[in-house]
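S.K.: Handing you this structure, nothing more for now.
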Amino acid sequence: MNMAKVRKILKNNTGKDLYQHSLGVEKTAFSLALKHGADSKKASKAGLLHDYAKNFSFEELRSIALENDLADEVALQEPALLHAPVGAWLLETELGITDKEILEAVRMHTTGAAGMSLLAKIVYLADFIEPGRTHAGVKKIRKTAFSDLEKALLCAVGFTLGRLLDRKKIIHPNSVFFYNSLVSKTRSGDI
Ligand SMILES: [Fe+2]
Ligand SMILES: [Fe+2]
């Protein structure tokens with residue numbers, strides 16, 4: 001399926017704001033992939049489609065996840081987490097996307113995970129820094145993302161975990177593992 005067709009499907013299935021956000025993530029993931037040596041076509045596609053299930057109700061997400069065994073106990077409590085694995089599953093079953101890297105990037109884009117592929121890291125970060133994002137510190141992280149991907153990721157994950165703690169929201173263990181893996185790299189002098 002070509003990108004024009006994918007965009008059309010997405011435009012018809014999401015609201016204006018989410019569509020704009022998806023285009024922003026597509027563009028940012030493309031640029032990050034070029035900069036950091038990942039597959040820019042895959043990055044664009046994964047970026048464009050990462051929020052495919054974002055507009056689904058909690059009931060819909062839970063029901064698809066339970067029926068197809070897509071999520072663990074923690075993710076099942078939180079729609080903000082569930083839309084990622086459900087989205088990846090729908091892309092495979094509805095749109096026929098079979099590329100494992102693209103599906104992994106979509107599946108992991110909310111929690112992150114230790115040992116994620118470069119493509120998945122790029123989509124995670126693109127979601128955080130796309131041009132429509134305005135949260136505190138985003139300008140600095142946007143700049144760092146093109147010079148030091150791991151450092152920018154550490155800042156993005158740290159910010160996200162802090163916000164979840166402040167709001168008394170659930171934190172998925174994969175996010176903690178992701179954060180720790182980035183801190184370990186800092187310690188070993190990698191960033
Ligand atoms: Fe998302
Ligand atoms: Fe997103």
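Identifiers in the structure tokens: chain A, B, ... in order shown; residue index from 1 per chain; ligand index from 1 in order shown.
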Residues within 7 Å of ligand 1 should be enumerated using only C-alpha atoms and all ligand atoms and returned as a list in words.
M.R.: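 After applying the 7 Å limit, what remains is His50, Asp51, Lys54, His83, Ala84, His109 and Thr110 of chain A.
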S.K.: Would you output that residue set with N, CA and C atoms, as a PDB file, in the first residue's frame?
M.R.:
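For reference, result_17.pdb as written:
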```pdb
ATOM      1  N   HIS A  50       1.229   5.576  13.617  1.00  0.00           N
ATOM      2  CA  HIS A  50       1.437   5.131  15.006  1.00  0.00           C
ATOM      3  C   HIS A  50       0.181   5.272  15.872  1.00  0.00           C
ATOM      4  N   ASP A  51      -0.675   6.275  15.581  1.00  0.00           N
ATOM      5  CA  ASP A  51      -1.872   6.497  16.416  1.00  0.00           C
ATOM      6  C   ASP A  51      -3.147   5.990  15.738  1.00  0.00           C
ATOM      7  N   LYS A  54      -5.892   5.470  18.147  1.00  0.00           N
ATOM      8  CA  LYS A  54      -5.971   6.472  19.226  1.00  0.00           C
ATOM      9  C   LYS A  54      -7.401   6.940  19.520  1.00  0.00           C
ATOM     10  N   HIS A  83      -3.821   1.828  23.087  1.00  0.00           N
ATOM     11  CA  HIS A  83      -3.988   2.154  21.666  1.00  0.00           C
ATOM     12  C   HIS A  83      -2.766   1.757  20.833  1.00  0.00           C
ATOM     13  N   ALA A  84      -1.625   1.551  21.502  1.00  0.00           N
ATOM     14  CA  ALA A  84      -0.414   1.192  20.746  1.00  0.00           C
ATOM     15  C   ALA A  84      -0.444  -0.279  20.267  1.00  0.00           C
ATOM     16  N   HIS A 109       5.215   2.508  20.900  1.00  0.00           N
ATOM     17  CA  HIS A 109       5.394   3.957  20.902  1.00  0.00           C
ATOM     18  C   HIS A 109       4.892   4.671  22.165  1.00  0.00           C
ATOM     19  N   THR A 110       4.094   4.014  22.985  1.00  0.00           N
ATOM     20  CA  THR A 110       3.653   4.700  24.211  1.00  0.00           C
ATOM     21  C   THR A 110       4.550   4.377  25.406  1.00  0.00           C
TER      22      THR A 110
END
```
S.K.: Neighbouring residues of ligand 2 are defined here as those with any atom at most 12 Å from a ligand atom, counting only C-alpha atoms and all ligand atoms; list them as an NGL selection string.
M.R.: :A and (17-26 or 28-29 or 46-55 or 80-81 or 83-84 or 87 or 105-111 or 123-133)
S.K.: Once you have the residues from the selection above, write them out as a compact mmCIF listing (two decimals), in the first residue's frame, restricted to N, CA and C atoms.
M.R.:
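Now in part.txt:
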```txt
# COMPACT_ATOMS: atom_id res chain seq x y z
N ASP A 17 -7.23 17.10 14.31
CA ASP A 17 -6.05 17.29 15.16
C ASP A 17 -5.15 16.06 15.12
N LEU A 18 -5.77 14.89 15.22
CA LEU A 18 -4.97 13.66 15.23
C LEU A 18 -4.30 13.45 13.87
N TYR A 19 -5.00 13.83 12.81
CA TYR A 19 -4.41 13.69 11.48
C TYR A 19 -3.19 14.61 11.35
N GLN A 20 -3.33 15.84 11.83
CA GLN A 20 -2.20 16.79 11.78
C GLN A 20 -1.03 16.27 12.60
N HIS A 21 -1.34 15.73 13.79
CA HIS A 21 -0.29 15.16 14.65
C HIS A 21 0.41 14.01 13.92
N SER A 22 -0.37 13.16 13.25
CA SER A 22 0.19 12.01 12.54
C SER A 22 1.11 12.46 11.41
N LEU A 23 0.71 13.52 10.70
CA LEU A 23 1.56 14.06 9.63
C LEU A 23 2.85 14.63 10.22
N GLY A 24 2.72 15.26 11.38
CA GLY A 24 3.91 15.81 12.05
C GLY A 24 4.88 14.71 12.46
N VAL A 25 4.34 13.62 12.97
CA VAL A 25 5.21 12.50 13.39
C VAL A 25 5.83 11.84 12.15
N GLU A 26 5.05 11.74 11.09
CA GLU A 26 5.57 11.18 9.83
C GLU A 26 6.80 11.97 9.36
N THR A 28 8.67 14.18 11.03
CA THR A 28 9.79 14.19 11.98
C THR A 28 10.53 12.85 11.98
N ALA A 29 9.78 11.76 11.92
CA ALA A 29 10.41 10.43 11.90
C ALA A 29 11.26 10.26 10.63
N ALA A 46 5.59 4.27 9.74
CA ALA A 46 5.31 3.99 11.15
C ALA A 46 4.86 5.27 11.86
N GLY A 47 5.51 6.41 11.54
CA GLY A 47 5.15 7.69 12.15
C GLY A 47 3.73 8.08 11.78
N LEU A 48 3.41 7.96 10.52
CA LEU A 48 2.08 8.32 10.05
C LEU A 48 0.99 7.48 10.72
N LEU A 49 1.29 6.20 10.92
CA LEU A 49 0.25 5.27 11.38
C LEU A 49 0.28 4.96 12.88
N HIS A 50 1.23 5.58 13.62
CA HIS A 50 1.44 5.13 15.01
C HIS A 50 0.18 5.27 15.87
N ASP A 51 -0.68 6.27 15.58
CA ASP A 51 -1.87 6.50 16.42
C ASP A 51 -3.15 5.99 15.74
N TYR A 52 -3.02 4.96 14.94
CA TYR A 52 -4.15 4.43 14.17
C TYR A 52 -5.36 4.12 15.05
N ALA A 53 -5.12 3.65 16.28
CA ALA A 53 -6.24 3.27 17.16
C ALA A 53 -6.50 4.31 18.26
N LYS A 54 -5.89 5.47 18.15
CA LYS A 54 -5.97 6.47 19.23
C LYS A 54 -7.40 6.94 19.52
N ASN A 55 -8.23 7.00 18.51
CA ASN A 55 -9.60 7.51 18.71
C ASN A 55 -10.60 6.45 19.17
N ALA A 80 -4.52 5.02 27.22
CA ALA A 80 -3.35 5.70 26.64
C ALA A 80 -2.25 4.68 26.31
N LEU A 81 -2.25 3.55 27.01
CA LEU A 81 -1.27 2.50 26.71
C LEU A 81 -1.81 1.53 25.66
N HIS A 83 -3.82 1.83 23.09
CA HIS A 83 -3.99 2.15 21.67
C HIS A 83 -2.77 1.76 20.83
N ALA A 84 -1.63 1.55 21.50
CA ALA A 84 -0.41 1.19 20.75
C ALA A 84 -0.44 -0.28 20.27
N GLY A 87 -3.39 -0.74 17.93
CA GLY A 87 -3.12 -0.11 16.64
C GLY A 87 -2.25 -1.00 15.76
N ALA A 105 7.48 -0.70 16.09
CA ALA A 105 7.56 0.73 16.40
C ALA A 105 6.19 1.26 16.85
N VAL A 106 5.13 0.82 16.20
CA VAL A 106 3.79 1.26 16.59
C VAL A 106 3.42 0.67 17.95
N ARG A 107 3.71 -0.63 18.12
CA ARG A 107 3.35 -1.33 19.36
C ARG A 107 4.02 -0.70 20.59
N MET A 108 5.26 -0.22 20.41
CA MET A 108 6.06 0.28 21.54
C MET A 108 5.98 1.79 21.73
N HIS A 109 5.21 2.51 20.90
CA HIS A 109 5.39 3.96 20.90
C HIS A 109 4.89 4.67 22.16
N THR A 110 4.09 4.01 22.98
CA THR A 110 3.65 4.70 24.21
C THR A 110 4.55 4.38 25.41
N THR A 111 4.94 3.12 25.54
CA THR A 111 5.74 2.74 26.72
C THR A 111 7.23 2.85 26.45
N VAL A 123 10.52 6.63 16.18
CA VAL A 123 9.08 6.91 16.20
C VAL A 123 8.67 7.42 17.59
N TYR A 124 9.21 6.79 18.65
CA TYR A 124 8.92 7.24 20.02
C TYR A 124 9.28 8.72 20.17
N LEU A 125 10.47 9.08 19.72
CA LEU A 125 10.93 10.46 19.88
C LEU A 125 10.19 11.42 18.95
N ALA A 126 9.91 10.98 17.73
CA ALA A 126 9.17 11.83 16.79
C ALA A 126 7.79 12.17 17.36
N ASP A 127 7.17 11.21 18.04
CA ASP A 127 5.86 11.44 18.67
C ASP A 127 5.98 12.53 19.74
N PHE A 128 7.12 12.59 20.39
CA PHE A 128 7.35 13.53 21.49
C PHE A 128 7.70 14.94 20.99
N ILE A 129 8.38 15.01 19.84
CA ILE A 129 8.91 16.33 19.41
C ILE A 129 8.28 16.90 18.14
N GLU A 130 7.30 16.21 17.56
CA GLU A 130 6.75 16.71 16.27
C GLU A 130 6.33 18.19 16.43
N PRO A 131 6.27 18.93 15.31
CA PRO A 131 6.08 20.39 15.39
C PRO A 131 4.87 20.86 16.20
N GLY A 132 3.83 20.04 16.33
CA GLY A 132 2.64 20.45 17.08
C GLY A 132 2.79 20.33 18.59
N ARG A 133 3.86 19.72 19.05
CA ARG A 133 4.07 19.55 20.51
C ARG A 133 4.59 20.84 21.14
```
S.K.: Take atom CA of A:Pro173 and atom CA of A:Pro85 and report the distance between them in Å, one decimal.
M.R.: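 Straight-line distance from atom CA of A:Pro173 to atom CA of A:Pro85 works out to 15.2 Å.
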S.K.: Tell me, which residues of stretch 51-138 of chain A carry DSSP helix (DSSP H, G or I), written as an MDAnalysis selection string?
M.R.: chainID A and resid 58:68 75:77 79:94 100:107 118:129 138
S.K.: If we count only C-alpha atoms and set the cut-off at 10 Å, which residues sit around A:Glu150, ignoring sequence neighbours fewer than 4 positions away in its own chain? Please answer as JSON, numbers by chain.
M.R.: {"A": [121, 122, 125, 144, 145, 154, 155, 156, 181, 182, 183, 185, 186, 190, 191]}
